[in-house]
file input_5.pdb (PDB, C-alpha atoms)
ATOM      1  CA  MET A   1       3.269 -35.428  -3.400
ATOM      2  CA  SER A   2       2.734 -33.513  -6.612
ATOM      3  CA  ARG A   3       2.489 -29.742  -6.581
ATOM      4  CA  VAL A   4       1.887 -27.330  -9.422
ATOM      5  CA  LEU A   5       2.528 -23.656  -8.924
ATOM      6  CA  ARG A   6       1.351 -21.110 -11.428
ATOM      7  CA  SER A   7       1.964 -17.415 -11.093
ATOM      8  CA  ILE A   8       0.417 -14.653 -13.134
ATOM      9  CA  THR A   9       1.683 -11.104 -12.883
ATOM     10  CA  ILE A  10      -0.247  -8.264 -14.414
ATOM     11  CA  ALA A  11       1.518  -4.945 -14.797
ATOM     12  CA  LEU A  12      -0.843  -2.024 -14.584
ATOM     13  CA  MET A  13      -0.204   1.255 -16.282
ATOM     14  CA  ALA A  14      -1.520   3.968 -14.021
ATOM     15  CA  ALA A  15      -1.072   7.681 -13.765
ATOM     16  CA  PRO A  16       1.831   8.431 -11.419
ATOM     17  CA  LEU A  17       0.911   9.154  -7.847
ATOM     18  CA  LEU A  18       2.585  12.291  -6.638
ATOM     19  CA  LEU A  19       3.386  12.866  -3.000
ATOM     20  CA  SER A  20       4.231  16.315  -1.810
ATOM     21  CA  LEU A  21       4.230  18.305   1.375
ATOM     22  CA  ALA A  22       3.463  21.998   1.281
ATOM     23  CA  GLY A  23       6.714  23.891   1.146
ATOM     24  CA  CYS A  24       8.816  20.729   0.814
ATOM     25  CA  GLY A  25       8.777  20.337  -2.949
ATOM     26  CA  GLY A  26       9.269  16.570  -2.878
ATOM     27  CA  ALA A  27       7.382  14.084  -5.022
ATOM     28  CA  ALA A  28       7.182  10.346  -5.546
ATOM     29  CA  SER A  29       5.622   8.269  -8.298
ATOM     30  CA  LEU A  30       3.737   5.092  -7.405
ATOM     31  CA  SER A  31       3.033   2.051  -9.555
ATOM     32  CA  SER A  32       1.078  -1.098  -8.803
ATOM     33  CA  THR A  33       1.232  -4.718  -9.925
ATOM     34  CA  ALA A  34      -1.466  -7.300  -9.214
ATOM     35  CA  SER A  35      -0.461 -10.954  -9.064
ATOM     36  CA  THR A  36      -2.110 -14.291  -8.494
ATOM     37  CA  SER A  37      -0.403 -17.491  -7.405
ATOM     38  CA  SER A  38      -2.220 -20.817  -7.581
ATOM     39  CA  SER A  39      -1.140 -24.227  -6.421
ATOM     40  CA  SER A  40      -2.973 -27.493  -6.778
ATOM     41  CA  GLY A  41      -3.276 -29.912  -3.925
ATOM     42  CA  ASN A  42      -1.355 -33.128  -3.622
ATOM     43  CA  ASN A  43      -2.519 -36.542  -4.786
ATOM     44  CA  ASN A  44      -4.026 -37.188  -1.343
ATOM     45  CA  GLY A  45      -7.133 -35.120  -2.060
ATOM     46  CA  GLY A  46      -5.823 -31.712  -1.021
ATOM     47  CA  GLY A  47      -7.581 -28.774  -2.647
ATOM     48  CA  ALA A  48      -6.182 -25.973  -4.709
ATOM     49  CA  THR A  49      -5.206 -22.712  -3.053
ATOM     50  CA  THR A  50      -4.973 -19.307  -4.646
ATOM     51  CA  THR A  51      -3.371 -16.218  -3.180
ATOM     52  CA  HIS A  52      -3.571 -12.694  -4.516
ATOM     53  CA  SER A  53      -1.500  -9.625  -3.811
ATOM     54  CA  VAL A  54      -0.915  -6.127  -5.095
ATOM     55  CA  SER A  55       2.628  -4.758  -5.015
ATOM     56  CA  LEU A  56       3.044  -1.003  -4.815
ATOM     57  CA  SER A  57       6.292   0.876  -5.277
ATOM     58  CA  TRP A  58       7.265   4.499  -5.564
ATOM     59  CA  ALA A  59      10.318   6.697  -5.895
ATOM     60  CA  PRO A  60      11.438   8.269  -2.623
ATOM     61  CA  SER A  61      10.499  11.847  -1.890
ATOM     62  CA  THR A  62      13.211  14.416  -2.419
ATOM     63  CA  SER A  63      11.939  16.173   0.726
ATOM     64  CA  ALA A  64      12.744  15.114   4.261
ATOM     65  CA  VAL A  65       9.994  12.705   5.241
ATOM     66  CA  ALA A  66       9.726  10.212   8.086
ATOM     67  CA  GLY A  67       7.784   7.761   5.954
ATOM     68  CA  TYR A  68       4.683   7.036   3.937
ATOM     69  CA  MET A  69       1.142   5.956   4.694
ATOM     70  CA  VAL A  70      -0.619   3.641   2.240
ATOM     71  CA  PHE A  71      -4.396   3.765   1.758
ATOM     72  CA  ARG A  72      -6.896   1.644  -0.201
ATOM     73  CA  SER A  73     -10.503   1.835  -1.336
ATOM     74  CA  THR A  74     -12.837  -0.306  -3.402
ATOM     75  CA  LYS A  75     -14.376   2.857  -4.847
ATOM     76  CA  SER A  76     -12.593   5.290  -7.126
ATOM     77  CA  GLY A  77     -12.041   8.518  -5.211
ATOM     78  CA  GLY A  78     -12.432   6.903  -1.789
ATOM     79  CA  PRO A  79     -13.148   6.902   1.026
ATOM     80  CA  TYR A  80      -9.765   5.334   1.700
ATOM     81  CA  LYS A  81      -8.771   3.100   4.603
ATOM     82  CA  ALA A  82      -5.211   3.105   5.945
ATOM     83  CA  LEU A  83      -3.341  -0.132   5.248
ATOM     84  CA  THR A  84      -0.407   0.928   7.390
ATOM     85  CA  SER A  85      -0.982   1.789  11.043
ATOM     86  CA  SER A  86       2.030   4.090  11.104
ATOM     87  CA  PRO A  87       4.340   5.548   8.451
ATOM     88  CA  ILE A  88       6.596   3.039   6.712
ATOM     89  CA  THR A  89      10.079   3.993   5.574
ATOM     90  CA  ASN A  90      10.149   1.589   2.631
ATOM     91  CA  THR A  91       9.195   2.853  -0.811
ATOM     92  CA  SER A  92       7.217  -0.303  -1.491
ATOM     93  CA  TYR A  93       4.282  -2.121   0.049
ATOM     94  CA  THR A  94       2.536  -5.409  -0.713
ATOM     95  CA  ASP A  95      -1.174  -5.672  -0.018
ATOM     96  CA  LYS A  96      -1.823  -9.364   0.680
ATOM     97  CA  THR A  97      -5.443  -8.860   1.754
ATOM     98  CA  VAL A  98      -6.940  -8.415  -1.716
ATOM     99  CA  GLN A  99      -9.606 -10.746  -3.083
ATOM    100  CA  ALA A 100     -10.116 -12.146  -6.588
ATOM    101  CA  ASN A 101     -12.330 -10.339  -9.093
ATOM    102  CA  ASN A 102     -12.056  -6.970  -7.388
ATOM    103  CA  THR A 103     -10.684  -3.591  -8.320
ATOM    104  CA  TYR A 104      -8.763  -1.620  -5.719
ATOM    105  CA  TYR A 105      -7.757   2.035  -5.655
ATOM    106  CA  TYR A 106      -4.611   3.124  -3.838
ATOM    107  CA  VAL A 107      -3.218   6.430  -2.670
ATOM    108  CA  THR A 108      -0.242   7.272  -0.501
ATOM    109  CA  ALA A 109       0.717  10.215   1.681
ATOM    110  CA  ALA A 110       4.106  11.395   2.879
ATOM    111  CA  VAL A 111       4.539  12.060   6.608
ATOM    112  CA  THR A 112       7.119  14.354   8.200
ATOM    113  CA  SER A 113       8.983  13.598  11.431
ATOM    114  CA  SER A 114       6.550  16.024  13.121
ATOM    115  CA  GLY A 115       3.648  13.833  12.042
ATOM    116  CA  VAL A 116       2.354  16.212   9.364
ATOM    117  CA  GLN A 117       0.720  14.208   6.590
ATOM    118  CA  SER A 118       0.579  15.417   3.000
ATOM    119  CA  ALA A 119      -2.567  15.405   0.923
ATOM    120  CA  TYR A 120      -3.299  12.119  -0.818
ATOM    121  CA  SER A 121      -1.331  11.345  -3.923
ATOM    122  CA  ASN A 122      -2.983  10.719  -7.254
ATOM    123  CA  GLN A 123      -4.821   7.399  -7.350
ATOM    124  CA  ALA A 124      -3.461   4.134  -8.791
ATOM    125  CA  THR A 125      -5.754   1.266  -9.785
ATOM    126  CA  ALA A 126      -5.136  -2.484  -9.412
ATOM    127  CA  VAL A 127      -7.440  -5.106 -10.917
ATOM    128  CA  VAL A 128      -7.114  -8.492  -9.215
ATOM    129  CA  PRO A 129      -7.988 -11.373 -11.573
TER
END

call {"tool": "encode", "arguments": {"input": "input_5.pdb", "output": "structure tokens"}}
result
Amino acid sequence: MSRVLRSITIALMAAPLLLSLAGCGGAASLSSTASTSSSSGNNNGGGATTTHSVSLSWAPSTSAVAGYMVFRSTKSGGPYKALTSSPITNTSYTDKTVQANNTYYYVTAAVTSSGVQSAYSNQATAVVP
């Protein structure tokens, strides 16, 4: 069995996404990276497979937050759809549901332990090759 694995990572320079809650004064910056991994099939006629993902990461808020919600749109400015069903405590998220030849727009929101969600952060853009 012969297998070839190629990986391409594209670093995107985007304006920082700022998360803040009224009266909390905290902020986080978000960055995104789009990547593509391809592997060819084996010598027995298997086909090639390609997977795409977008990795998001941000600095933790300096305010007390329970977690972060991550949102995505295929249109700049939204509307955005939640990618997380509840707040995540990590300061990173990998979107493995992206498709090739598409541009995605991401925002995040901080959530307090009381369930209060901040306004959306600034938008980051990821172009999937």

call {"tool": "resolve_selection", "arguments": {"input": "input_5.pdb", "expression": "the PyMOL selection byres ((chain A and resi 98) around 8)", "output": "number ranges by chain"}}
result
A: 52-54, 95-97, 99-100, 102, 128

call {"tool": "write_last_selection", "arguments": {"input": "input_5.pdb", "atoms": "C-alpha atoms", "output": "tab-separated table (two decimals), in the coordinates of the input"}}
result
chain	number	residue	atom	x	y	z
A	52	HIS	CA	-3.57	-12.69	-4.52
A	53	SER	CA	-1.50	-9.62	-3.81
A	54	VAL	CA	-0.92	-6.13	-5.10
A	95	ASP	CA	-1.17	-5.67	-0.02
A	96	LYS	CA	-1.82	-9.36	0.68
A	97	THR	CA	-5.44	-8.86	1.75
A	99	GLN	CA	-9.61	-10.75	-3.08
A	100	ALA	CA	-10.12	-12.15	-6.59
A	102	ASN	CA	-12.06	-6.97	-7.39
A	128	VAL	CA	-7.11	-8.49	-9.22

call {"tool": "resolve_selection", "arguments": {"input": "input_5.pdb", "expression": "the PyMOL selection byres ((chain A and resi 70) around 8)", "output": "count of residues only"}}
result
12

call {"tool": "atom_distance", "arguments": {"input": "input_5.pdb", "atom1": "CA of Pro60 in chain A", "atom2": "CA of Thr94 in chain A"}}
result
16.4 Å

call {"tool": "resolve_selection", "arguments": {"input": "input_5.pdb", "expression": "the PyMOL selection byres ((chain A and resi 127) around 8)", "output": "PyMOL selection string"}}
result
chain A and resi 34+101-104+125-126+128-129

call {"tool": "write_last_selection", "arguments": {"input": "input_5.pdb", "atoms": "C-alpha atoms", "output": "CSV table (one decimal), in the coordinates of the input"}}
result
chain,number,residue,atom,x,y,z
A,34,ALA,CA,-1.5,-7.3,-9.2
A,101,ASN,CA,-12.3,-10.3,-9.1
A,102,ASN,CA,-12.1,-7.0,-7.4
A,103,THR,CA,-10.7,-3.6,-8.3
A,104,TYR,CA,-8.8,-1.6,-5.7
A,125,THR,CA,-5.8,1.3,-9.8
A,126,ALA,CA,-5.1,-2.5,-9.4
A,128,VAL,CA,-7.1,-8.5,-9.2
A,129,PRO,CA,-8.0,-11.4,-11.6

call {"tool": "atom_distance", "arguments": {"input": "input_5.pdb", "atom1": "CA of Pro87 in chain A", "atom2": "CA of Ser63 in chain A"}}
result
15.2 Å

call {"tool": "residues_near_point", "arguments": {"input": "input_5.pdb", "point": "(7.2, 14.2, 8.0)", "cutoff": "7 Å", "atoms": "all atoms listed in the file", "output": "number ranges by chain"}}
result
A: 64-67, 110-117

call {"tool": "atom_distance", "arguments": {"input": "input_5.pdb", "atom1": "CA of Ser92 in chain A", "atom2": "CA of Ser61 in chain A"}}
result
12.6 Å

call {"tool": "closest_residue", "arguments": {"input": "input_5.pdb", "among": "A:Ser85, A:Gly77, A:Ser55, A:Thr50", "to": "Ser121 in chain A", "atoms": "all atoms listed in the file"}}
result
A:Gly77

call {"tool": "closest_residue", "arguments": {"input": "input_5.pdb", "among": "A:Lys75, A:Thr62, A:Gln123, A:Leu56", "to": "Asn90 in chain A", "atoms": "only C-alpha atoms"}}
result
A:Leu56
